[in-house]
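To start, the structure itself, in structure tokens.
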Amino acid sequence: MDFSLPAKMKSIVASIRELMASEVLPLERELAERGSFTATLPSLEAARAKVRERGLWAPQLPKEWGGMGLSLTEHARVSEELGQSPLGHFVFNCQAPDAGNMEILIQYGSDEQKRDFLGPLARGAIRSCFSMTEPDLPGSNPTWLATRAVTDGEDYVIKGHKWFTSSADGARFAVVMAVTNPDAPPHLRASQILVPLATPGMKLVRNIPVMGHTGDGWASHAEVLYENCRVPRANLLGPEGAGFVIAQERLGPGRIHHCMRWIGICERAFDLLCRRAATRQMAPGKLLGTKQIIQEWIAESRAGIDAARLMVLHAAWTIETAGLHAARESVSLIKFFVADVMGKVLDRAIQAHGALGVTDDTPLAYFYRFERAARIYDGADEVHKVAVAKRILKRYGVEGA
Ligand SMILES: Cc1cc2nc3c(=O)[nH]c(=O)nc-3n(C[C@H](O)[C@H](O)[C@H](O)COP(=O)(O)OP(=O)(O)OC[C@H]3O[C@@H](n4cnc5c(N)ncnc54)[C@H](O)[C@@H]3O)c2cc1C
């Protein structure tokens with residue numbers, strides 16, 4: 001087995017590292033000081049222009065849509081580099097939830113939907129959001145939704161209450177999961193419908209405070225009401241009743257992107273941990289790194305990150321070579337394993353920094369606040385663990401565990 005990076009990827013990764021260092025990392029301080037994503041947007045757009053100039057725009061998108069046309073495993077490598085900053089993916093136009101929305105529009109969008117929604121997203125001219133989770137029903141059971149879309153002539157009329165519609169603030173449109181076929185089997189009841197945010201009846205109630213921060217623009221999570229929102233039936237994405245299937249297809253590669261982004265976060269935290277260990281004097285001439293407990297954190301972190309990366313690349317390779325269905329178990333494994341490694345590495349890095357670790361003078365506190373959610377979104381850890389264990393037990397003859 002060849003673990004080396006192909007020449008093409010070596011050169012791409014080197015260029016991305018350069019741009020991350022010169023254009024993206026310096027913006028972290030601006031974001032922390034301004035405390036607002038929207039206020040930082042002019043600088044972010046300037047960085048985006050540099051990315052376009054260097055031909056590194058939208059690595060995950062096919063070339064015909066202005067991207068680099070990287071495969072899933074290639075993009076995974078890139079995602080790790082970009083993940084080292086909270087702003088990396090946005091600057092390169094492969095941020096969630098837009099990347100997932102672009103992917104499903106490519107796969108299921110009509111010509112008109114591609115022109116009106118995908119084109120501007122791919123150019124980075126607009127943003128979008130994905131509106132599925134509801135406050136009153138468990139997101140862990142995606143077949144149970146209260147939001148309804150009822151046909152009325154040539155339109156759908158949508159009524160429902162959603163929350164954690166990430167990045168809705170300032171987005172041009174939402175991909176809304178709504179029940180269109182209530183009498184169908186559970187997995188065939190919902191559809192995905194494109195709803196412009198300017199549609200009368202669509203109300204952004206609030207950006208929900210997360211760990212004490214309300215956020216804004218792309219870096220926010222909204223509560224949204226759909227009060228009899230009327231959109232043309234032509235806004236249906238894919239076939240009616242296929243919402244669940246499309247969501248599953250979106251989540252497979254999406255989990256690879258997230259997991260490699262988390263590995264990027266781990267690498268950044270690991271680097272900070274080691275720098276701290278190598279520079280902080282605990283007594284004259286006595287470095288923090290001479291303490292065995294810190295050495296243990298470094299060794300455990302290194303092992304966890306390396307194991308996580310191999311697992312994610314293997315899952316990406318399985319999706320590419322054998323399809324999403326064959327990769328289901330690997331994808332579930334990485335979802336909870338990598339989230340756990342990230343939590344541990346971040347915690348150790350913060351601890352090693354003492355009081356500095358909980359300030360915004362390093363990116364550690366930002367990551368710690370906003371990445372705790374990694375164990376909840378895209379399927380809570382427990383859902384994935386149960387799914388994996390059930391599949392394994394089935395091979396041992398245990399049915400319906
Ligand atoms: C930061 C963030 C961003 C998000 N972005 C979006 C977005 O853009 N669009 C969107 O639609 N949604 C989004 N979500 C919502 C997310 O998908 C849901 O929070 C998730 O699916 C869990 O649903 P829930 O919150 O309703 O928790 P519940 O489904 O009520 O589950 C609560 C807990 O129960 C436990 N549990 C659940 N099922 C099982 C089981 N089978 N066995 C054992 N234990 C179980 C788990 O510990 C779980 O955390 C986001 C969430 C967060 C935190």
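Ordering of the structure tokens sets the chain letters (A, B, ...), residue numbers begin anew at 1 in every chain, and ligands are numbered from 1 in the order given.
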Practice prompt. Could you give me, as a VMD selection string, the residues within 12 Å of Thr214 of chain A, counting only C-alpha atoms and dropping anything in the same chain fewer than 5 positions from it?
Written response: chain A and resid 35 to 37 164 166 to 167 169 206 to 209 219 to 223 369 to 370
Worksheet item: Can you list, as number ranges by chain, every protein, DNA or RNA residue that comes within 6 Å of segment 69-83 of chain A when you count only C-alpha atoms, leaving out same-chain residues fewer than 3 positions away?
Response: A: 59-63, 88-89, 260-261, 263-265, 316
Would you mind exporting N, CA and C atoms of the selected residues as a PDB file, in the first residue's frame?
ATOM      1  N   PRO A  59     -12.381  23.395  -4.459  1.00  0.00           N
ATOM      2  CA  PRO A  59     -11.661  22.166  -4.833  1.00  0.00           C
ATOM      3  C   PRO A  59     -12.582  20.981  -5.113  1.00  0.00           C
ATOM      4  N   GLN A  60     -13.743  20.942  -4.435  1.00  0.00           N
ATOM      5  CA  GLN A  60     -14.635  19.787  -4.531  1.00  0.00           C
ATOM      6  C   GLN A  60     -15.539  19.825  -5.757  1.00  0.00           C
ATOM      7  N   LEU A  61     -15.619  20.987  -6.428  1.00  0.00           N
ATOM      8  CA  LEU A  61     -16.585  21.124  -7.523  1.00  0.00           C
ATOM      9  C   LEU A  61     -15.982  20.664  -8.848  1.00  0.00           C
ATOM     10  N   PRO A  62     -16.822  20.089  -9.734  1.00  0.00           N
ATOM     11  CA  PRO A  62     -16.317  19.745 -11.071  1.00  0.00           C
ATOM     12  C   PRO A  62     -15.823  20.994 -11.812  1.00  0.00           C
ATOM     13  N   LYS A  63     -14.900  20.781 -12.745  1.00  0.00           N
ATOM     14  CA  LYS A  63     -14.319  21.926 -13.461  1.00  0.00           C
ATOM     15  C   LYS A  63     -15.389  22.716 -14.211  1.00  0.00           C
ATOM     16  N   GLY A  88     -11.022  28.583   6.817  1.00  0.00           N
ATOM     17  CA  GLY A  88     -10.413  27.973   5.633  1.00  0.00           C
ATOM     18  C   GLY A  88     -11.421  27.553   4.580  1.00  0.00           C
ATOM     19  N   HIS A  89     -12.404  26.774   4.982  1.00  0.00           N
ATOM     20  CA  HIS A  89     -13.349  26.255   3.986  1.00  0.00           C
ATOM     21  C   HIS A  89     -14.147  27.377   3.335  1.00  0.00           C
ATOM     22  N   MET A 260     -12.379  15.250   7.887  1.00  0.00           N
ATOM     23  CA  MET A 260     -11.040  15.720   7.535  1.00  0.00           C
ATOM     24  C   MET A 260     -10.834  17.155   8.027  1.00  0.00           C
ATOM     25  N   ARG A 261     -11.919  17.930   8.048  1.00  0.00           N
ATOM     26  CA  ARG A 261     -11.820  19.275   8.635  1.00  0.00           C
ATOM     27  C   ARG A 261     -11.469  19.155  10.121  1.00  0.00           C
ATOM     28  N   ILE A 263      -9.818  16.770  11.486  1.00  0.00           N
ATOM     29  CA  ILE A 263      -8.412  16.359  11.599  1.00  0.00           C
ATOM     30  C   ILE A 263      -7.507  17.584  11.429  1.00  0.00           C
ATOM     31  N   GLY A 264      -7.916  18.498  10.543  1.00  0.00           N
ATOM     32  CA  GLY A 264      -7.186  19.759  10.409  1.00  0.00           C
ATOM     33  C   GLY A 264      -7.170  20.506  11.739  1.00  0.00           C
ATOM     34  N   ILE A 265      -8.328  20.529  12.400  1.00  0.00           N
ATOM     35  CA  ILE A 265      -8.411  21.195  13.715  1.00  0.00           C
ATOM     36  C   ILE A 265      -7.475  20.497  14.700  1.00  0.00           C
ATOM     37  N   ALA A 316     -13.278   7.243   2.643  1.00  0.00           N
ATOM     38  CA  ALA A 316     -13.417   7.991   1.383  1.00  0.00           C
ATOM     39  C   ALA A 316     -13.095   7.078   0.200  1.00  0.00           C
TER      40      ALA A 316
END
Discussion item. Need the shell around Cys129 of chain A: protein/DNA/RNA residues with any atom at most 7 Å away, counting only C-alpha atoms. Skip same-chain ones fewer than 6 positions apart. Format as a ChimeraX atom specification?
Written reply: /A:97-98,165-168,171,173-175
Practice prompt. Select from segment 59-212 of chain A everything DSSP, run on the backbone, classes as alpha helix (DSSP H), then give the selection as an MDAnalysis selection string.
Written response: chainID A and resid 72:82 88:91 98:108 111:113 119:123
Just to be explicit: take each residue in the selection above, keep C-alpha atoms, and write the result as a compact mmCIF listing (two decimals), in the first residue's frame.
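This is the output file out.txt:
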# COMPACT_ATOMS: atom_id res chain seq x y z
CA LEU A 72 -13.36 12.69 -2.75
CA THR A 73 -10.03 11.35 -1.40
CA GLU A 74 -8.15 14.26 -2.98
CA HIS A 75 -10.57 16.76 -1.49
CA ALA A 76 -10.23 15.01 1.86
CA ARG A 77 -6.51 15.92 1.87
CA VAL A 78 -7.37 19.51 1.03
CA SER A 79 -10.08 19.63 3.68
CA GLU A 80 -7.53 18.75 6.34
CA GLU A 81 -5.41 21.75 5.34
CA LEU A 82 -8.38 24.13 5.26
CA GLY A 88 -10.41 27.97 5.63
CA HIS A 89 -13.35 26.25 3.99
CA PHE A 90 -15.29 29.48 3.54
CA VAL A 91 -12.39 31.23 1.82
CA ASP A 98 -23.15 25.24 0.72
CA ALA A 99 -20.82 22.42 -0.37
CA GLY A 100 -23.49 19.80 0.35
CA ASN A 101 -26.18 21.89 -1.34
CA MET A 102 -23.99 22.31 -4.43
CA GLU A 103 -23.45 18.57 -4.50
CA ILE A 104 -27.16 17.72 -4.46
CA LEU A 105 -27.97 20.44 -6.99
CA ILE A 106 -25.39 18.94 -9.36
CA GLN A 107 -26.90 15.51 -8.89
CA TYR A 108 -30.61 16.32 -8.79
CA ASP A 111 -31.37 22.94 -15.74
CA GLU A 112 -33.22 25.97 -14.34
CA GLN A 113 -32.30 25.12 -10.73
CA GLY A 119 -24.36 28.78 -10.64
CA PRO A 120 -24.32 31.68 -8.15
CA LEU A 121 -23.36 29.32 -5.28
CA ALA A 122 -20.46 27.90 -7.28
CA ARG A 123 -19.26 31.43 -8.05
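Reported to one decimal place, the separation of atom CA of Trp163 of chain A from atom 11 (O, counted along the ligand's line) of ligand 1 is 7.0 Å.
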Discussion item. Using only C-alpha atoms and all ligand atoms for the distances, tell me which of A:Leu87, A:Leu346, A:Ile376, A:Ala389 is nearest to ligand 1.
Written reply: A:Ile376
